[in-house]
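Undergrad: Just passing along the structure, written as structure tokens.
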Amino acid sequence: KITSRHVHSSRSARGGAAWSQRASPRAMASFSSLSTGLSTGGILGMRGLNVFIQDIRNAPSKEHEQKRVDKELANIRKKFRNTDLSSYDKKKYVLKLLYIYMLGYDIEFGHTMVVSLINATKFEEKQVGYTATAVLLNESHEFLRMVINSVREDIIGKFEHNQCLALALVANVGGREFSDSIAPDVQRILCSPTCLPVVRKKAALCLLRLYRKNKEILVAETWAAKMVKLLDNEDDLGILLGVISLLIGIVSHDYRGYEGCIPSVCAVMQRLARARAVPQDYLYYGIPSPWLQVKCMRVLQYFPTPSDPDYIRAETEVIHHVLTNTGTVKNVNKNNALHAVLFEAVNLVTNLDLPDQKSLLAESVAALGRFLDVNEPNIVYLGMSGLTRVCAPDTIKAVQSFKSKVVDKLNDADISIRKRALDLLYEMCDGTVAKDIVDSLLRYLITADFAIREELALKTAVLAEKYSAGNASWYLDVALKLVEKAGDFISDDVWHRVVHVVTDAPELHVHAARVALEKLRQNSYEEKFVRLAAYFLGEFGHKLGASEPPFGYAKLLFEHFKTSSPTTQQIILTALAKISMHPGADDDLRGRLGMLFRQHASNKEVELQQRAVEYYVMTNVGNNSQKLRSVMEPMPEWNTGSRQSKLERHLATQNAEAADAVRVNKARGGGAIAPIAPPPADVEPGTPIPTMGIADLLGGAPVPTVNGNDRRDGEANGAAASPAAARWGQVRAAVVDPMSDLLSGLGVHPGQPAAAAPSAAPAAVVDPLAASVAGMGLSTAHAAPQSNPVPTINVADCLKKLYAADNGLLYEDPNVQIGVKSQWQGNQGRVMFYVGNKSPGTLTDVALELTGNVQGLHARLAALPAQLEPKKQQQVLLELAAAGGYRAAPGLSLRYSVPGQGPVQVPLKLPYGPHRFMQPWRPANPQEFFAKWQEASARHSEAKVVTVAPAMAQGGLAAIQAALSSVRMTPLPGIDPNQKNLTAGSFARYGGGGGETFALARVESDANNPAVFRVTAASVDEATAGGVLEAILSQIAP
């Protein structure tokens, strides 16, 4: 049989011959699967293929191999010109091409032959065709489009082997075109109890691939109920494993709508924990399907903590069982399975807000701490990794109980364990153990490997500064030792930070200058320490008093100047120029220094040359030394207390890791409690949006316009200022806020409420339907209450969802249902309306029309047939193109007549504001954001104080950040100096040729009420700012 071993052995026989381009894991797995799947005679009987493989393995050099491959490719190309190839020859030559491709050679022909094998009737030919296609082609290859119909025919066919081949192909290389064509068929197979389990397992993984390529194929309103049914009614653990994998893929994108799956997942967890009804095939070293246990715990991390005590108790029991019954055994494979389940249980504890949180966290720390006493390095590494992840304010004391063991691990023979020990010591450090940990790190710095010294020095510096409150001299001693011992392994940011801290602490000035002078006299030649000492002596040397005259330490710096690098010489020159102005410095000292300055006035280093010339003029020409003495005054304070340490930012960037799951409640201070929502009704998913060109919307063919008045919803709504807005004036910033200056020119100041909208005049006649219709997001201006049916859904909630989602329901009453699916790219969008007739009779005079003339947005709506048969659905395409800024999309008017009831006219609002065309923007630094904010807010900004729903308030800034992301505003945490505020920014490229139009947002929290926020949107375009604000409010307002 041909296996991956042959490929490796053919390469290992010759060190590196043409193996620079290695086969991908997918190729190796596919070919190995092919070799084991075909009959023995099918491979061994292909004599030409075996001879070719043997020749490749025996090739003495890369050149010989290349020659043999070229010869074989020429022969295959010649054979493929013959249209009468037998089935045997087709398989043989395609397998040769596949093998050549796995060796790393490009295949530029033969794709048609490969694809044609999929259309064959024999299983052996199909298997070769599917395997070669999965390896040779990728999802964007044009040849892959030729097999979509054939693949679909095999999927919906009656032969299970063909179904498995087709599903495996799509799961490997399926793209968006596959999702549009076969997603409903794959869903039907997955949900069908009559299909074989092996087919349904592949269908689940295939559907996961399609969902990743096109999120619109699975809508929560229609698919969540089917997921619950699959989890509840399925006994086969293999199918459950595939379904849980699919659920993870879905909820990692958006968990909303799938809360009904939580009870089912908890039931699966309990079944596995109690080893109930677990087949022998799914017992791995006696552990019931550990992979399924891991996936069940992982999927629960994406949901908020459920409010039902039964489900909380089920989760707690399983976690407690895992934490208390997981140990270490001799079998490595069983250890891996046990520990995988244990670590996922720990992750689940840290991400949920359970009633027994403290006891479970204590059990988690104890279970992980036991790993430190094991002699197996891998287990020790895993234990320290787990302890590092669970370090938090409520667990740090328990983790600190293992401090001595972790310090000992700094001297372990395995460098990976030493690095992990350093990470754990950094995470467990607080004010009570800071000195012990820093002293241990300084002792370890002397013998530490070069590969770890930079990170070690950085973390030591951060810890010393962070926990030096009330003991600044201790920080200075640590910093000087650090720079002296590890100067070559630290960046300039470390000694720069020492300069900042010492400059801001007058009590350290004399001590810093004295220690620097003593170290220089001891011949400390470390470059970065010399720079630091030069700065200290230049700034604070005059404070040493008469016992240390300027001539003495100037001479010391001059000696180090001779052997220093140009960068260090620049700093020493500046220090000497300042020393020449110190009290006690005479003309003789200035003259000697002047000779040094003149000597380097023609230095080839431009920076050194310029400093030397300027300092010579300032100190030795005329009476400049007296006139320019103020230029050499000590540096002002850096105000480090109001700035984040650059070292901490660098460390955060260096240690940043992609989150494995959405951290719903990372702080563990109280998370949002989500009720278990009932599963939505089981509704058939809509058909995909057809492709239609819209290039002429911005040019070419004339664009039809729509008539009506411009509607700007969400502004003067007649509501008086809320009590939260009145209290906003009491909020005061806790830190210096640079954005206050940016907002001051607008009449909108941090800590002050935005002006309330004027109250609307009361209506003369009370309309009993007005309140209910307004609550649904409908306008009553053109409605006909006498004949309008009452909607069967909450239209306002649907509209709110559609501000963020691409598909969902827009409107539904007893007669008509309107669903939407949308696609957006650049400044263009396509919205497909699915208008369905729910009534038993034919609807007449059916029309869907745009209302309102929106400047800056080109819109074109296709015609809807005037009659709609019962239980039928029509698709209507709306094409949008943003030529400039606008506030809101045009309105939509639905008209139809019901036999015997009269005409119906329903005005609807569309949620397609300018936020739909926004693209992500991330500034390089806060200054870039402030510059954009200044520019935008000077043109136009809008602010509104809003009281959010209780669930949103409990979620805090994390929930606000998710809401901003859902309307395509890129959250920018850390930009706002107030950590309780959040900023966001995006931009749109409108089609009018005006370049990028930025839209920025700021969400400020009320210190007195966690449910009150002020939202400000700014943009150079007034309409864009208003539209973005409306979109944001749609997601956070109750």
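Order determines the names: the first chain of the structure tokens is A, the second B, and so forth; residues in each chain are numbered 1 upward, and ligands are numbered 1 upward as they are shown.
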List every residue of range 110-315 of chain A that DSSP, applied to the backbone of this structure, assigns to strand (DSSP E), and report them as an NGL selection string.

TA: :A and (283-284 or 287-288 or 305-306)

Undergrad: In range 915-956 of chain A, what's helix (DSSP H, G or I) per DSSP? Answer as number ranges by chain?

TA: A: 915-917, 926-939, 950-956

Undergrad: Could you check the closest approach to Asn620 in chain A for each of A:His111, A:Lys71, A:Lys604, A:Arg592 and tell me which residue wins, using only C-alpha atoms?

TA: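 Of A:His111, A:Lys71, A:Lys604, A:Arg592, the one nearest Asn620 in chain A is A:Arg592, counting only C-alpha atoms.
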
Undergrad: Within 12 Å of Glu996 in chain A, counting only C-alpha atoms, which residues show up once you throw out same-chain ones fewer than 6 positions away? Write them as a PDB file with C-alpha atoms, in the first residue's frame, please.

TA:
ATOM      1  CA  GLY A 826     -17.321  47.792  -0.027  1.00  0.00           C
ATOM      2  CA  ASN A 827     -19.913  50.494  -0.647  1.00  0.00           C
ATOM      3  CA  ALA A 883     -22.389  57.318  -2.958  1.00  0.00           C
ATOM      4  CA  GLY A 884     -22.035  59.518   0.131  1.00  0.00           C
ATOM      5  CA  GLY A 885     -23.025  59.898   3.734  1.00  0.00           C
ATOM      6  CA  PHE A 917     -20.695  49.980   4.816  1.00  0.00           C
ATOM      7  CA  MET A 918     -18.176  50.446   7.628  1.00  0.00           C
ATOM      8  CA  GLN A 919     -14.796  48.727   7.547  1.00  0.00           C
ATOM      9  CA  PRO A 920     -12.471  48.019  10.517  1.00  0.00           C
ATOM     10  CA  TRP A 921      -9.944  50.646  11.566  1.00  0.00           C
ATOM     11  CA  LYS A 932      -9.151  61.791  14.015  1.00  0.00           C
ATOM     12  CA  SER A 986     -14.451  52.497  11.516  1.00  0.00           C
ATOM     13  CA  PHE A 987     -14.481  54.064   8.093  1.00  0.00           C
ATOM     14  CA  ALA A 988     -16.478  53.835   4.894  1.00  0.00           C
ATOM     15  CA  ARG A 989     -15.348  54.320   1.321  1.00  0.00           C
ATOM     16  CA  TYR A 990     -18.338  55.895  -0.325  1.00  0.00           C
ATOM     17  CA  SER A1019     -17.780  62.097  11.853  1.00  0.00           C
ATOM     18  CA  VAL A1020     -16.834  64.690   9.290  1.00  0.00           C
ATOM     19  CA  ASP A1021     -20.170  63.835   7.674  1.00  0.00           C
TER      20      ASP A1021
END

Undergrad: With only C-alpha atoms as the basis for distance, which of A:Ser252, A:Ser401, A:Thr447, A:Thr460 is at the shortest distance from Lys435 in chain A?

TA: A:Thr460

Undergrad: Pick from A:Ala392, A:Val816, A:Leu354, A:Ile287: nearest to Asn325 in chain A, with only C-alpha atoms counted?

TA: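 Of the candidates, the smallest distance to Asn325 in chain A is held by A:Ile287.
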
Undergrad: Might you pull out every residue within 9 Å of range 275-285 of chain A, with only C-alpha atoms counted and same-chain residues fewer than 5 positions away left off, and present them as a PyMOL selection string?

TA: chain A and resi 235-238+270+290+333-334+337

Undergrad: Keeping all heavy atoms, export the residues of the selection given above as an mmCIF file, in the first residue's frame.

TA:
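Written output follows (result_10.cif):
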data_model
loop_
_atom_site.group_PDB
_atom_site.id
_atom_site.type_symbol
_atom_site.label_atom_id
_atom_site.label_comp_id
_atom_site.auth_asym_id
_atom_site.auth_seq_id
_atom_site.Cartn_x
_atom_site.Cartn_y
_atom_site.Cartn_z
ATOM 1 N N ASP A 235 -28.541 9.156 20.430
ATOM 2 C CA ASP A 235 -27.815 8.297 21.370
ATOM 3 C C ASP A 235 -26.410 7.973 20.887
ATOM 4 O O ASP A 235 -25.548 7.619 21.693
ATOM 5 C CB ASP A 235 -28.583 6.993 21.589
ATOM 6 C CG ASP A 235 -29.910 7.234 22.309
ATOM 7 O OD1 ASP A 235 -29.963 8.181 23.124
ATOM 8 O OD2 ASP A 235 -30.874 6.490 22.037
ATOM 9 N N ASP A 236 -26.171 8.051 19.588
ATOM 10 C CA ASP A 236 -24.864 7.712 19.035
ATOM 11 C C ASP A 236 -23.858 8.800 19.415
ATOM 12 O O ASP A 236 -24.009 9.968 19.054
ATOM 13 C CB ASP A 236 -24.965 7.587 17.513
ATOM 14 C CG ASP A 236 -23.684 7.030 16.910
ATOM 15 O OD1 ASP A 236 -22.707 7.799 16.790
ATOM 16 O OD2 ASP A 236 -23.660 5.837 16.555
ATOM 17 N N LEU A 237 -22.803 8.409 20.150
ATOM 18 C CA LEU A 237 -21.826 9.392 20.615
ATOM 19 C C LEU A 237 -21.019 9.977 19.472
ATOM 20 O O LEU A 237 -20.530 11.109 19.561
ATOM 21 C CB LEU A 237 -20.895 8.744 21.644
ATOM 22 C CG LEU A 237 -21.550 8.300 22.959
ATOM 23 C CD1 LEU A 237 -20.502 7.775 23.924
ATOM 24 C CD2 LEU A 237 -22.315 9.450 23.593
ATOM 25 N N GLY A 238 -20.840 9.219 18.391
ATOM 26 C CA GLY A 238 -20.121 9.753 17.245
ATOM 27 C C GLY A 238 -20.867 10.908 16.605
ATOM 28 O O GLY A 238 -20.273 11.940 16.257
ATOM 29 N N GLN A 270 -23.617 14.882 31.872
ATOM 30 C CA GLN A 270 -23.950 13.977 32.973
ATOM 31 C C GLN A 270 -23.920 12.523 32.535
ATOM 32 O O GLN A 270 -23.470 11.641 33.280
ATOM 33 C CB GLN A 270 -25.332 14.340 33.527
ATOM 34 C CG GLN A 270 -25.359 15.625 34.347
ATOM 35 C CD GLN A 270 -26.719 15.866 34.954
ATOM 36 O OE1 GLN A 270 -27.726 15.860 34.262
ATOM 37 N NE2 GLN A 270 -26.746 16.091 36.274
ATOM 38 N N PRO A 290 -13.557 11.005 26.094
ATOM 39 C CA PRO A 290 -12.999 12.258 26.639
ATOM 40 C C PRO A 290 -13.092 13.429 25.662
ATOM 41 O O PRO A 290 -13.231 14.573 26.080
ATOM 42 C CB PRO A 290 -11.540 11.898 26.939
ATOM 43 C CG PRO A 290 -11.253 10.688 26.101
ATOM 44 C CD PRO A 290 -12.542 9.948 25.996
ATOM 45 N N ASN A 333 -1.068 7.844 27.457
ATOM 46 C CA ASN A 333 -2.266 8.164 26.689
ATOM 47 C C ASN A 333 -3.469 8.437 27.596
ATOM 48 O O ASN A 333 -4.256 9.355 27.353
ATOM 49 C CB ASN A 333 -2.599 7.030 25.719
ATOM 50 C CG ASN A 333 -1.544 6.869 24.649
ATOM 51 O OD1 ASN A 333 -0.910 7.841 24.249
ATOM 52 N ND2 ASN A 333 -1.327 5.645 24.194
ATOM 53 N N LYS A 334 -3.603 7.635 28.645
ATOM 54 C CA LYS A 334 -4.702 7.871 29.571
ATOM 55 C C LYS A 334 -4.504 9.179 30.315
ATOM 56 O O LYS A 334 -5.464 9.925 30.573
ATOM 57 C CB LYS A 334 -4.808 6.709 30.558
ATOM 58 C CG LYS A 334 -6.022 6.810 31.483
ATOM 59 C CD LYS A 334 -6.190 5.577 32.340
ATOM 60 C CE LYS A 334 -7.445 5.682 33.206
ATOM 61 N NZ LYS A 334 -7.634 4.465 34.044
ATOM 62 N N ALA A 337 -5.707 12.055 28.151
ATOM 63 C CA ALA A 337 -7.166 12.173 28.102
ATOM 64 C C ALA A 337 -7.713 12.751 29.407
ATOM 65 O O ALA A 337 -8.580 13.634 29.403
ATOM 66 C CB ALA A 337 -7.785 10.813 27.819
#
